[in-house]
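Input: a single structure, listed below in structure tokens.
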Amino acid sequence: MEYIDLYDMHRIPTGKTILRGSPVPEGMYRVVVHICIFNSKGEMLIQQRQSTKKHFPDMWDISVGGQVSSGETSELAAQREIYEELGLDIDMSDMRPLASMSFNEGYDDVYAVISDVQLSQLILQKEEVKAADWADKDKIFAMIKAGTFIQYNFEYIAMLFSLRDQIGTFEQDDLWNESDS
């Protein structure tokens, strides 16, 4: 059983937790993370969610996402989610979010990683991820219009692409080179 910490409206920990999947009590908030992995061509790694997922089955999504577990920092949750979903071991402990946004039930910390990882080198988590691919902004926009990508606002996707090279982005040129395989 996985628990998540609850925060007040100022993102101060309340000391309270709930079981993952439980409704967030009114006036309290949770923290989630999203990690966008970009290659040197300016494409984003996207993942297709498994058909067994409760939310957005079979839909394409940004690189990685998940909840921050109880006792975790946002950075450690990002590192854990990247490893669990894609099999990539990236030290995120000194990272700051590229952006942090509010949503109805909490806060979403968004991280960016620049890496030319090969799709064949990913180890996809079978329970979560069906497939992975690289896509530029226009391809993602077309997928949103076609209903095959989670229906993010176009402005949100455009912001991710425009901020990918800003301070806070983790750059790893040789995350996966031939000598590591």
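Residues are named by chain letter and number: chains run A, B, ... in the order of the structure tokens, numbers start at 1 in each chain, and ligands are numbered from 1 in the order shown.
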* To do: Excluding Leu98 of chain A and residues on its chain fewer than 3 positions from it, collect all residues at most 12 Å away from it, counting only C-alpha atoms, and give them as number ranges by chain.
  => A: 33-36, 74-75, 95, 101, 108-113, 159-170
Limited to C-alpha atoms, could you put the picked residues into a file as a CSV table (one decimal), in the first residue's frame?
chain,number,residue,atom,x,y,z
A,33,VAL,CA,5.6,15.0,-11.0
A,34,HIS,CA,6.0,15.0,-14.8
A,35,ILE,CA,9.3,14.6,-16.5
A,36,CYS,CA,9.8,15.6,-20.2
A,74,SER,CA,9.6,15.9,-5.7
A,75,GLU,CA,13.1,15.3,-7.1
A,95,MET,CA,17.3,19.2,-9.8
A,101,MET,CA,1.7,24.4,-11.5
A,108,ASP,CA,2.5,19.4,-10.5
A,109,ASP,CA,6.3,19.7,-10.6
A,110,VAL,CA,7.5,19.5,-14.2
A,111,TYR,CA,11.1,18.5,-14.9
A,112,ALA,CA,13.1,18.4,-18.2
A,113,VAL,CA,15.9,16.1,-19.2
A,159,MET,CA,5.4,25.8,-23.0
A,160,LEU,CA,7.2,22.5,-22.3
A,161,PHE,CA,8.9,22.7,-25.7
A,162,SER,CA,9.8,26.4,-25.3
A,163,LEU,CA,11.2,25.9,-21.8
A,164,ARG,CA,13.2,22.7,-22.4
A,165,ASP,CA,16.6,24.5,-22.5
A,166,GLN,CA,16.0,26.7,-19.4
A,167,ILE,CA,17.9,26.6,-16.1
A,168,GLY,CA,16.9,23.5,-14.2
A,169,THR,CA,17.0,21.2,-17.2
A,170,PHE,CA,19.2,18.2,-16.7
* helix (DSSP H, G or I) per DSSP on the backbone: members of chain A, as a PyMOL selection string -> chain A and resi 74-86+119-121+137-146+154-163+178-180
Would you put the residues from that selection into a file with N, CA and C atoms, as an mmCIF file, in the first residue's frame?
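In the end it all went to out11.cif:
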data_model
loop_
_atom_site.group_PDB
_atom_site.id
_atom_site.type_symbol
_atom_site.label_atom_id
_atom_site.label_comp_id
_atom_site.auth_asym_id
_atom_site.auth_seq_id
_atom_site.Cartn_x
_atom_site.Cartn_y
_atom_site.Cartn_z
ATOM 1 N N SER A 74 9.957 15.828 -4.325
ATOM 2 C CA SER A 74 9.551 15.851 -5.727
ATOM 3 C C SER A 74 10.672 15.302 -6.610
ATOM 4 N N GLU A 75 11.911 15.688 -6.322
ATOM 5 C CA GLU A 75 13.056 15.262 -7.131
ATOM 6 C C GLU A 75 13.254 13.751 -7.066
ATOM 7 N N LEU A 76 13.142 13.193 -5.867
ATOM 8 C CA LEU A 76 13.319 11.743 -5.727
ATOM 9 C C LEU A 76 12.177 10.984 -6.386
ATOM 10 N N ALA A 77 10.969 11.539 -6.328
ATOM 11 C CA ALA A 77 9.839 10.907 -7.017
ATOM 12 C C ALA A 77 10.078 10.918 -8.523
ATOM 13 N N ALA A 78 10.600 12.020 -9.048
ATOM 14 C CA ALA A 78 10.904 12.102 -10.486
ATOM 15 C C ALA A 78 11.930 11.034 -10.858
ATOM 16 N N GLN A 79 12.969 10.912 -10.063
ATOM 17 C CA GLN A 79 14.015 9.908 -10.319
ATOM 18 C C GLN A 79 13.423 8.501 -10.272
ATOM 19 N N ARG A 80 12.607 8.227 -9.271
ATOM 20 C CA ARG A 80 11.994 6.899 -9.135
ATOM 21 C C ARG A 80 11.081 6.591 -10.322
ATOM 22 N N GLU A 81 10.251 7.564 -10.706
ATOM 23 C CA GLU A 81 9.308 7.338 -11.810
ATOM 24 C C GLU A 81 10.038 7.091 -13.138
ATOM 25 N N ILE A 82 11.116 7.837 -13.393
ATOM 26 C CA ILE A 82 11.894 7.621 -14.627
ATOM 27 C C ILE A 82 12.443 6.196 -14.652
ATOM 28 N N TYR A 83 12.957 5.758 -13.513
ATOM 29 C CA TYR A 83 13.526 4.414 -13.449
ATOM 30 C C TYR A 83 12.438 3.344 -13.583
ATOM 31 N N GLU A 84 11.326 3.517 -12.844
ATOM 32 C CA GLU A 84 10.265 2.516 -12.879
ATOM 33 C C GLU A 84 9.642 2.394 -14.267
ATOM 34 N N GLU A 85 9.327 3.514 -14.891
ATOM 35 C CA GLU A 85 8.585 3.478 -16.148
ATOM 36 C C GLU A 85 9.451 3.226 -17.375
ATOM 37 N N LEU A 86 10.698 3.735 -17.352
ATOM 38 C CA LEU A 86 11.544 3.648 -18.549
ATOM 39 C C LEU A 86 12.858 2.913 -18.354
ATOM 40 N N LEU A 119 15.421 4.330 -28.201
ATOM 41 C CA LEU A 119 14.193 3.647 -27.790
ATOM 42 C C LEU A 119 14.458 2.187 -27.441
ATOM 43 N N SER A 120 15.364 1.555 -28.170
ATOM 44 C CA SER A 120 15.678 0.141 -27.937
ATOM 45 C C SER A 120 16.338 -0.091 -26.581
ATOM 46 N N GLN A 121 16.836 0.957 -25.962
ATOM 47 C CA GLN A 121 17.510 0.814 -24.677
ATOM 48 C C GLN A 121 16.583 1.050 -23.485
ATOM 49 N N LYS A 137 6.712 18.825 -31.486
ATOM 50 C CA LYS A 137 5.527 19.533 -31.012
ATOM 51 C C LYS A 137 4.360 19.367 -31.981
ATOM 52 N N ASP A 138 4.617 19.488 -33.281
ATOM 53 C CA ASP A 138 3.543 19.383 -34.270
ATOM 54 C C ASP A 138 2.897 17.993 -34.265
ATOM 55 N N LYS A 139 3.713 16.965 -34.115
ATOM 56 C CA LYS A 139 3.165 15.606 -34.067
ATOM 57 C C LYS A 139 2.284 15.436 -32.830
ATOM 58 N N ILE A 140 2.717 15.980 -31.685
ATOM 59 C CA ILE A 140 1.909 15.885 -30.464
ATOM 60 C C ILE A 140 0.602 16.654 -30.641
ATOM 61 N N PHE A 141 0.664 17.845 -31.223
ATOM 62 C CA PHE A 141 -0.562 18.606 -31.496
ATOM 63 C C PHE A 141 -1.520 17.788 -32.360
ATOM 64 N N ALA A 142 -0.998 17.147 -33.410
ATOM 65 C CA ALA A 142 -1.837 16.331 -34.300
ATOM 66 C C ALA A 142 -2.447 15.155 -33.536
ATOM 67 N N MET A 143 -1.673 14.554 -32.633
ATOM 68 C CA MET A 143 -2.173 13.431 -31.842
ATOM 69 C C MET A 143 -3.264 13.895 -30.879
ATOM 70 N N ILE A 144 -3.102 15.078 -30.287
ATOM 71 C CA ILE A 144 -4.150 15.621 -29.415
ATOM 72 C C ILE A 144 -5.429 15.833 -30.220
ATOM 73 N N LYS A 145 -5.290 16.439 -31.398
ATOM 74 C CA LYS A 145 -6.460 16.665 -32.268
ATOM 75 C C LYS A 145 -7.122 15.356 -32.665
ATOM 76 N N ALA A 146 -6.330 14.319 -32.898
ATOM 77 C CA ALA A 146 -6.860 13.019 -33.313
ATOM 78 C C ALA A 146 -7.451 12.222 -32.143
ATOM 79 N N PHE A 154 -2.963 22.959 -25.749
ATOM 80 C CA PHE A 154 -1.861 23.176 -26.687
ATOM 81 C C PHE A 154 -0.824 24.114 -26.079
ATOM 82 N N GLU A 155 -1.279 25.095 -25.300
ATOM 83 C CA GLU A 155 -0.362 26.057 -24.682
ATOM 84 C C GLU A 155 0.581 25.368 -23.701
ATOM 85 N N TYR A 156 0.080 24.366 -22.988
ATOM 86 C CA TYR A 156 0.908 23.619 -22.044
ATOM 87 C C TYR A 156 2.026 22.877 -22.782
ATOM 88 N N ILE A 157 1.664 22.176 -23.845
ATOM 89 C CA ILE A 157 2.666 21.448 -24.633
ATOM 90 C C ILE A 157 3.669 22.430 -25.241
ATOM 91 N N ALA A 158 3.184 23.545 -25.783
ATOM 92 C CA ALA A 158 4.072 24.559 -26.366
ATOM 93 C C ALA A 158 5.025 25.097 -25.310
ATOM 94 N N MET A 159 4.526 25.308 -24.080
ATOM 95 C CA MET A 159 5.376 25.798 -22.994
ATOM 96 C C MET A 159 6.484 24.791 -22.683
ATOM 97 N N LEU A 160 6.153 23.508 -22.634
ATOM 98 C CA LEU A 160 7.169 22.491 -22.343
ATOM 99 C C LEU A 160 8.287 22.528 -23.373
ATOM 100 N N PHE A 161 7.915 22.642 -24.640
ATOM 101 C CA PHE A 161 8.926 22.704 -25.696
ATOM 102 C C PHE A 161 9.736 23.997 -25.627
ATOM 103 N N SER A 162 9.101 25.113 -25.302
ATOM 104 C CA SER A 162 9.829 26.386 -25.285
ATOM 105 C C SER A 162 10.739 26.521 -24.068
ATOM 106 N N LEU A 163 10.419 25.848 -22.971
ATOM 107 C CA LEU A 163 11.232 25.949 -21.755
ATOM 108 C C LEU A 163 12.282 24.857 -21.619
ATOM 109 N N GLU A 178 27.056 3.294 -26.149
ATOM 110 C CA GLU A 178 27.249 1.872 -26.478
ATOM 111 C C GLU A 178 28.021 1.102 -25.425
ATOM 112 N N SER A 179 28.939 1.756 -24.717
ATOM 113 C CA SER A 179 29.719 1.034 -23.705
ATOM 114 C C SER A 179 28.893 0.676 -22.482
ATOM 115 N N ASP A 180 27.724 1.344 -22.300
ATOM 116 C CA ASP A 180 26.871 1.058 -21.145
ATOM 117 C C ASP A 180 25.940 -0.124 -21.374
#
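When atom CA of Val68 of chain A is paired with atom CA of Arg20 of chain A, their separation reads 9.8 Å.
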* What separation in Å, quoted to one decimal, exists between atom CA of Pro25 of chain A and atom CA of Met1 of chain A? -> 18.7 Å
* **segment 2-13 of chain A environment, 7 Å, only C-alpha atoms, sequence neighbours closer than 3 positions dropped, as a PyMOL selection string** => chain A and resi 16-20+27-30+68-70
* To do: Write down as a PyMOL selection string the residues belonging to segment 84-168 of chain A that are assigned strand (DSSP E or B) by DSSP computed on the backbone.
  => chain A and resi 99-103+106-114+129-135+149
Any chance you can output those residues with N, CA and C atoms as a PDB file, in the first residue's frame?
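Contents of selection.pdb, freshly written:
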ATOM      1  N   ALA A  99       9.058  23.882 -14.008  1.00  0.00           N
ATOM      2  CA  ALA A  99       7.846  24.639 -13.699  1.00  0.00           C
ATOM      3  C   ALA A  99       7.098  23.886 -12.603  1.00  0.00           C
ATOM      4  N   SER A 100       6.320  24.618 -11.841  1.00  0.00           N
ATOM      5  CA  SER A 100       5.443  24.018 -10.846  1.00  0.00           C
ATOM      6  C   SER A 100       4.090  24.684 -10.996  1.00  0.00           C
ATOM      7  N   MET A 101       3.074  23.868 -11.194  1.00  0.00           N
ATOM      8  CA  MET A 101       1.741  24.402 -11.467  1.00  0.00           C
ATOM      9  C   MET A 101       0.721  23.812 -10.515  1.00  0.00           C
ATOM     10  N   SER A 102      -0.305  24.577 -10.266  1.00  0.00           N
ATOM     11  CA  SER A 102      -1.417  24.100  -9.446  1.00  0.00           C
ATOM     12  C   SER A 102      -2.455  23.432 -10.331  1.00  0.00           C
ATOM     13  N   PHE A 103      -3.116  22.434  -9.791  1.00  0.00           N
ATOM     14  CA  PHE A 103      -4.298  21.846 -10.423  1.00  0.00           C
ATOM     15  C   PHE A 103      -5.294  21.602  -9.298  1.00  0.00           C
ATOM     16  N   GLY A 106      -3.931  19.559  -6.362  1.00  0.00           N
ATOM     17  CA  GLY A 106      -2.570  19.673  -5.869  1.00  0.00           C
ATOM     18  C   GLY A 106      -1.638  20.485  -6.716  1.00  0.00           C
ATOM     19  N   TYR A 107      -0.392  20.032  -6.710  1.00  0.00           N
ATOM     20  CA  TYR A 107       0.708  20.711  -7.379  1.00  0.00           C
ATOM     21  C   TYR A 107       1.405  19.726  -8.309  1.00  0.00           C
ATOM     22  N   ASP A 108       1.820  20.228  -9.461  1.00  0.00           N
ATOM     23  CA  ASP A 108       2.476  19.400 -10.468  1.00  0.00           C
ATOM     24  C   ASP A 108       3.844  19.999 -10.761  1.00  0.00           C
ATOM     25  N   ASP A 109       4.904  19.306 -10.339  1.00  0.00           N
ATOM     26  CA  ASP A 109       6.270  19.733 -10.619  1.00  0.00           C
ATOM     27  C   ASP A 109       6.715  19.092 -11.932  1.00  0.00           C
ATOM     28  N   VAL A 110       7.150  19.933 -12.865  1.00  0.00           N
ATOM     29  CA  VAL A 110       7.542  19.461 -14.195  1.00  0.00           C
ATOM     30  C   VAL A 110       9.049  19.612 -14.352  1.00  0.00           C
ATOM     31  N   TYR A 111       9.704  18.528 -14.722  1.00  0.00           N
ATOM     32  CA  TYR A 111      11.144  18.498 -14.926  1.00  0.00           C
ATOM     33  C   TYR A 111      11.448  18.265 -16.396  1.00  0.00           C
ATOM     34  N   ALA A 112      12.630  18.678 -16.822  1.00  0.00           N
ATOM     35  CA  ALA A 112      13.075  18.424 -18.195  1.00  0.00           C
ATOM     36  C   ALA A 112      14.455  17.783 -18.165  1.00  0.00           C
ATOM     37  N   VAL A 113      14.634  16.819 -19.044  1.00  0.00           N
ATOM     38  CA  VAL A 113      15.900  16.108 -19.214  1.00  0.00           C
ATOM     39  C   VAL A 113      16.221  16.136 -20.703  1.00  0.00           C
ATOM     40  N   ILE A 114      17.477  16.423 -21.036  1.00  0.00           N
ATOM     41  CA  ILE A 114      17.932  16.366 -22.427  1.00  0.00           C
ATOM     42  C   ILE A 114      18.819  15.128 -22.549  1.00  0.00           C
ATOM     43  N   VAL A 129       3.451   1.142 -19.088  1.00  0.00           N
ATOM     44  CA  VAL A 129       3.821   1.702 -20.389  1.00  0.00           C
ATOM     45  C   VAL A 129       3.748   0.629 -21.476  1.00  0.00           C
ATOM     46  N   LYS A 130       2.979   0.926 -22.515  1.00  0.00           N
ATOM     47  CA  LYS A 130       2.787   0.012 -23.644  1.00  0.00           C
ATOM     48  C   LYS A 130       3.856   0.211 -24.710  1.00  0.00           C
ATOM     49  N   ALA A 131       4.222   1.474 -24.978  1.00  0.00           N
ATOM     50  CA  ALA A 131       5.192   1.789 -26.035  1.00  0.00           C
ATOM     51  C   ALA A 131       5.788   3.169 -25.766  1.00  0.00           C
ATOM     52  N   ALA A 132       6.866   3.468 -26.480  1.00  0.00           N
ATOM     53  CA  ALA A 132       7.504   4.786 -26.394  1.00  0.00           C
ATOM     54  C   ALA A 132       7.928   5.203 -27.792  1.00  0.00           C
ATOM     55  N   ASP A 133       7.992   6.519 -28.001  1.00  0.00           N
ATOM     56  CA  ASP A 133       8.384   7.045 -29.299  1.00  0.00           C
ATOM     57  C   ASP A 133       8.878   8.472 -29.103  1.00  0.00           C
ATOM     58  N   TRP A 134       9.527   9.013 -30.117  1.00  0.00           N
ATOM     59  CA  TRP A 134       9.925  10.417 -30.120  1.00  0.00           C
ATOM     60  C   TRP A 134       8.916  11.202 -30.962  1.00  0.00           C
ATOM     61  N   ALA A 135       8.581  12.422 -30.520  1.00  0.00           N
ATOM     62  CA  ALA A 135       7.632  13.245 -31.270  1.00  0.00           C
ATOM     63  C   ALA A 135       7.991  14.717 -31.116  1.00  0.00           C
ATOM     64  N   PHE A 149      -3.695  11.324 -27.955  1.00  0.00           N
ATOM     65  CA  PHE A 149      -2.794  11.855 -26.930  1.00  0.00           C
ATOM     66  C   PHE A 149      -3.679  12.473 -25.848  1.00  0.00           C
TER      67      PHE A 149
END
* What separation in Å, quoted to one decimal, exists between atom CA of Gln50 of chain A and atom CA of Gln125 of chain A? -> 9.5 Å
